[in-house]
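Following: one structure in structure tokens, then a few remarks.
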Protein chains: 2
Amino acid sequence: MHAGEPHVVVVGAGFGGLYAALALKRAAVRVTVIDRRNHHLFLPLLYQVATAGLNPGDIAAPIRHVLRRQRNASVVMAEVTGVDPQRRVVQVEGSRSIGYDYLVLAAGSVTSYFGHDEWSAVSTPMLTLDDALEVRRRVLLSYERAEWEPDEERRRRLLTFVVVGGGPTGVELAGAVAEMARHALARDFRRIDPLSTRVILLEAGDRILSAMPPHLSDKAMGSLAALGVTVCTRAAAEKVDEEGVVAGGRRIPAATVLWAAGVSASPLARSLGAPLHRGRVLVQPGLNLAEHPEIYVIGDMAAVRRGEGLVPWLCPAAKQQGRHAASNIARAVAGRPPRPFRYRDHGTLATIGRSAAVADFGRVTLSGFAAWAAWLTIHIFFLIGFRNRFLVLFQWAWAYLTYERGARLVTGETRARRGADGAP
Amino acid sequence: MHAGEPHVVVVGAGFGGLYAALALKRAAVRVTVIDRRNHHLFLPLLYQVATAGLNPGDIAAPIRHVLRRQRNASVVMAEVTGVDPQRRVVQVEGSRSIGYDYLVLAAGSVTSYFGHDEWSAVSTPMLTLDDALEVRRRVLLSYERAEWEPDEERRRRLLTFVVVGGGPTGVELAGAVAEMARHALARDFRRIDPLSTRVILLEAGDRILSAMPPHLSDKAMGSLAALGVTVCTRAAAEKVDEEGVVAGGRRIPAATVLWAAGVSASPLARSLGAPLHRGRVLVQPGLNLAEHPEIYVIGDMAAVRRGEGLVPWLCPAAKQQGRHAASNIARAVAGRPPRPFRYRDHGTLATIGRSAAVADFGRVTLSGFAAWAAWLTIHIFFLIGFRNRFLVLFQWAWAYLTYERGARLVTGETRARRGADGAP
């Protein structure tokens with residue numbers, strides 16, 4: 001590693017950023033990865049942490065650890081507050097700045113409340129490990145309070161869980177909450193019947209999983225119904241407050257509202273001065289900017305054209321873009337022009353409970369157990385590190401055989417939300 | 001379960017309370033276990049969570065889950081605020097009260113700062129799962145900040161970890177922090193050398209592990225020295241502040257101070273109006289009170305006479321007392337007098353790093369690898385539930401072979417402490 005080598009700064013160590021850094025392993029560059037967290041998160045399994053099926057350590061790996069053998073990479077845990085494309089520096093909290101020769105912006109998404117930021121105080125999003133632990137805490141505490149609550153109406157409200165958003169996150173979360181109630185918690189409570197739990201999934205559009213073919217939406221509806229989830233379509237959340245949700249003109253009293261409805265690109269996207277499409281940076285076919293070809297924007301922050309439409313904002317797409325940006329940077333260092341990015345669609349999957357899923361592989365679609373088995377195989381295969389793979393497999397096998405959930409712990413203090421709930 | 005059966009209320013689901021409840025399984029009583037947390041904690045392994053060797057879920061089990069098949073037991077997650085022995089009720093948060101026929105008080109300890117409560121704001125105790133996660137967060141964040149800190153003196157302060165208290169908790173914690181620095185983190189950082197970490201163990205008395213024979217204290221000193229821990233005896237903490245610690249008149253600049261120096265009995269002990277010994281309730285040989293024979297006090301809350309001295313406040317003692325109190329309650333229900341408690345001393349153990357320990361089995365003492373193997377066997381054997389046993393064994397085997405620590409994640413927000421450290 002020579003100080004004279006071009007310096008590549010990667011902002012964000014999600015699927016895009018981490019795979020960009022890894023793909024630069026043999027390039028003649030110095031790489032600095034900046035993330036405000038110390039871990040890379042395997043986002044597709046986050047809902048399993050939220051519903052106590054997995055431990056946080058099973059789906060996350062320290063970034064430094066992943067990159068420990070890559071001698072040309074170093075890691076900085078800090079928050080990036082802005083980018084100055086003219087001076088070629090990123091600004092970091094504490095008024096520091098880090099210069100770059102090439103920049104890979106992969107800061108991902110933030111939760112979006114569609115202009116209703118006040119809803120963040122009364123619902124829980126699902127984007128980070130801390131979010132997932134907060135969901136777990138809230139769901140389990142609701143049961144504990146319900147067990148102890150003499151008033152029928154209040155108990156009913158405590159046992160009503162509303163999931164807003166019928167995309168893959170919302171579908172998986174609703175299925176997992178319903179299953180946790182039906183199986184894992186069923187024997188643990190004396191006074192309340194966990195089967196009286198109501199899980200309501202609200203979707204603003206005509207059908208859930210709208211990115212998939214309609215017959216898979218129907219299959220998913222059927223699987224959710226079998227788990228006892230009530231699905232309401234054409235039911236946009238009009239109001240979220242301490243009493244619950246108003247959707248489709250109807251009030252649903254609920255102590256727990258889980259927000260899986262929307263994300264928007266990191267605000268860093270706006271700091272570039274580049275053209276945007278719905279808050280995402282419109283990039284060139286090579287994933288970089290026309291005005292600043294040394295800046296690459298990938299993953300959830302980027303709007304990448306693909307035929308008439310755009311590349312979807314999925315983990316595999318971010319990963320492919322990370323590798324592609326790295327390859328184009330290596331080409332640029334060697335004085336060669338960038339190559340256009342081509343998205344390889346390997347299909348999309350969503351799982352519903354312990355043995356059902358829907359899978360869309362383009363010409364082939366799967367549902368039921370076959371889709372679930374495909375989902376399990378693919379996800380374990382892609383988990384980073386052997387150790388996690390083995391542990392996750394074991395915990396799943398165990399949970400599958402026994403209906404138990406090993407990680408059912410309430411830790412930490414509940415974030416200051418929903419004051420109306422009172423103690424504890 | 002009949003409402004007419006005597007009602008036994010157990011306050012606290014640590015080793016004392018949980019084993020009392022379990023031992024009442026076949027008694028003709030109703031049992032209610034009240035705890036402010038939803039989980040039983042395997043306290044002897046807490047330091048492994050603090051130093052990222054284990055996940056929280058590996059050393060804790062939901063109380064309801066442990067008691068799920070015991071039909072005469074129910075669980076309430078709530079904080080007990082007082083006891084009224086005259087009316088035979090316990091007061092619970094939210095102005096509720098729960099009546100009892102028999103009471104088992106097993107609320108354990110709280111961290112004690114020996115009258116310096118202001119030190120709680122600048123040091124981290126080690127008594128709960130949240131404490132352990134806070135220790136992990138603080139230690140790992142200190143490394144992250146040091147990697148990024150240009151000033152030599154500040155970097156040195158960030159990499160100095162002071163453990164106050166040379167009992168088993170302090171010794172195990174100091175050894176584990178030193179080992180984490182030496183092995184697990186060694187390859188992960190680029191700019192700092194984790195070997196430059198200083199771990200300082202402060203003990204007010206003449207020697208560490210003072211409850212063990214002197215030659216084992218010497219062995220433990222040797223094992224700690226081999227791991228690079230500096231042990232200072234006759235060094236009571238005189239001051240703890242944002243800059244570090246003053247001990248033996250010397251100031252030690254340190255960003256992280258871990259408090260393993262002292263605990264005192266739960267304040268509930270004082271609410272009984274019974275005679276106390278250093279804040280602990282002096283009980284009859286049958287573990288109950290002379291004035292209120294229906295009240296049993298066990299574990300860390302109790303002072304139980306044994307010859308000239310007292311029964312030590314250790315997990316195995318609490319467990320034995322829990323079972324004994326249950327047996328005496330069953331006898332009382334049957335109209336029979338209580339039997340006196342006899343402590344069976346199975347020895348004490350402390351582990352130092354990954355292959356050394358000291359063990360005191362009375363006539364037999366062990367040190368080094370033999371003691372460590374004994375410690376491992378005993379602790380895995382006593383962990384609640386097969387699943388945890390298997391997972392913990394696997395994680396240890398893995399960590400032993402690879403020097404890795406799987407749970408090295410920073411989650412949650414750091415408690416509002418040590419403002420001087422600044423962001424993040």
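Identifiers in this document derive from the order of the structure tokens: chains are assigned A, B, ..., residues are numbered from 1 separately in each chain, and ligands are numbered from 1 in order of occurrence.
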
As a ChimeraX atom specification, please: the residues near Asn328 in chain B (cut-off 9 Å, only C-alpha atoms, same-chain neighbours under 6 positions excluded). /B:286-287,336-340

Using the chain letters and numbers from this document, which residues of range 323-387 of chain B does DSSP assign to strand (DSSP E or B), as a list in words?
Thr348, Leu349, Ala350, Thr351, Ile352, Ala356, Ala357, Val358, Ala359, Asp360, Phe361, Val364, Thr365, Leu366 and Ser367 of chain B

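Straight-line separation from CA of Gly299 in chain A to CA of Ala20 in chain A: 10.9 Å.
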
Skipping near chain neighbours, those fewer than 6 positions away, what residues fall within 7 Å of range 200-202 of chain A using only C-alpha atoms, listed as a short mmCIF file (atom, residue, chain, number, x, y, z; two decimals) with C-alpha atoms, in the first residue's frame?
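Output file out.cif follows:
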data_model
loop_
_atom_site.label_atom_id
_atom_site.label_comp_id
_atom_site.auth_asym_id
_atom_site.auth_seq_id
_atom_site.Cartn_x
_atom_site.Cartn_y
_atom_site.Cartn_z
CA PHE A 161 -50.40 -5.42 15.87
CA VAL A 162 -50.67 -3.33 12.75
CA VAL A 163 -48.05 -3.66 10.03
CA VAL A 164 -48.17 -0.79 7.55
CA GLY A 165 -46.92 -1.68 4.07
CA GLY A 166 -47.52 -4.80 1.97
CA ALA A 174 -46.70 -9.80 9.57
CA VAL A 229 -53.20 -12.32 9.43
CA THR A 230 -55.92 -9.92 8.26
CA VAL A 231 -54.81 -8.25 5.03
CA CYS A 232 -56.48 -4.95 4.07
CA THR A 233 -55.68 -3.67 0.57
CA ALA A 235 -56.06 0.85 2.93
CA ALA A 236 -53.53 3.63 3.14
#

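Between Glu144 in chain B and the candidates B:Val246, B:Ala332, B:Leu158, B:Val92, the tightest atom-to-atom separation, counting only C-alpha atoms, involves B:Leu158.
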
- Task: Within range 92-320 of chain B, find each residue whose DSSP state, derived from the backbone, is alpha helix (DSSP H), and express the selection as an MDAnalysis selection string.
- Result: chainID B and resid 129:147 152:158 168:179 214:226 315:320

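CA of Leu268 in chain B is found 26.6 Å from CA of Pro150 in chain A.
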
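The closest residue to Ala78 in chain B, picked from A:Ser95, A:Arg145, A:Ala28, A:Tyr19 and counting only C-alpha atoms, is A:Arg145.
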
### Task
Considering only C-alpha atoms, return as a ChimeraX atom specification whatever protein or nucleic-acid residues lie within 9 Å of Leu173 in chain A, sequence-local ones (same chain, fewer than 6 positions apart) excluded.
/A:47-48,50-51,163,258,260,352-353

Fewer than 3 positions away in the same chain doesn't count, so skip those; otherwise give me all residues within 6 Å of range 194-196 of chain B, counting only C-alpha atoms, as a PDB file with all heavy atoms, in the first residue's frame.
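result12.pdb, written as the output of this step:
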ATOM      1  N   ALA B 181      -8.650  -7.778  23.310  1.00  0.00           N
ATOM      2  CA  ALA B 181      -7.734  -6.839  22.672  1.00  0.00           C
ATOM      3  C   ALA B 181      -6.592  -7.572  21.998  1.00  0.00           C
ATOM      4  O   ALA B 181      -6.232  -7.291  20.859  1.00  0.00           O
ATOM      5  CB  ALA B 181      -7.179  -5.872  23.714  1.00  0.00           C
ATOM      6  N   ARG B 182      -6.039  -8.551  22.690  1.00  0.00           N
ATOM      7  CA  ARG B 182      -4.831  -9.205  22.200  1.00  0.00           C
ATOM      8  C   ARG B 182      -5.111 -10.072  20.970  1.00  0.00           C
ATOM      9  O   ARG B 182      -4.314 -10.095  20.045  1.00  0.00           O
ATOM     10  CB  ARG B 182      -4.262 -10.063  23.333  1.00  0.00           C
ATOM     11  CG  ARG B 182      -2.959 -10.703  22.995  1.00  0.00           C
ATOM     12  CD  ARG B 182      -2.202 -11.073  24.233  1.00  0.00           C
ATOM     13  NE  ARG B 182      -1.565  -9.910  24.825  1.00  0.00           N
ATOM     14  CZ  ARG B 182      -0.403  -9.965  25.470  1.00  0.00           C
ATOM     15  NH1 ARG B 182       0.211 -11.107  25.626  1.00  0.00           N
ATOM     16  NH2 ARG B 182       0.134  -8.885  25.978  1.00  0.00           N
ATOM     17  N   ALA B 186      -6.910  -7.830  17.306  1.00  0.00           N
ATOM     18  CA  ALA B 186      -5.544  -7.542  16.849  1.00  0.00           C
ATOM     19  C   ALA B 186      -5.457  -7.317  15.347  1.00  0.00           C
ATOM     20  O   ALA B 186      -4.786  -6.404  14.884  1.00  0.00           O
ATOM     21  CB  ALA B 186      -4.607  -8.668  17.283  1.00  0.00           C
TER      22      ALA B 186
END

_Give me, as a PyMOL selection string, all polymer residues having an atom no more than 8 Å from range 361-366 of chain B, counting only C-alpha atoms and skipping those fewer than 5 positions away in the same chain._
chain B and resi 216+345-348+371

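Comparing the minimum interatomic distances between chain A and each of B:Ile98, B:Leu185, B:Ala303, B:Ala176, counting only C-alpha atoms, we find that B:Leu185 sits nearest.
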
Of B:Ala211, B:Leu282, B:Leu141, B:Ala290, the one sitting nearest Val304 in chain B when using only C-alpha atoms is B:Leu282

The residue from B:Gly14, B:Gly82, B:Gly205, B:Pro62 with the smallest atom-to-atom distance to chain A, counting only C-alpha atoms, is B:Pro62

task: List the neighbours of Leu46 in chain A out to 8 Å using only C-alpha atoms; skip same-chain residues closer than 4 positions along the sequence, and give me the result as a PyMOL selection string.
output: chain A and resi 42+50+59+126-129+132
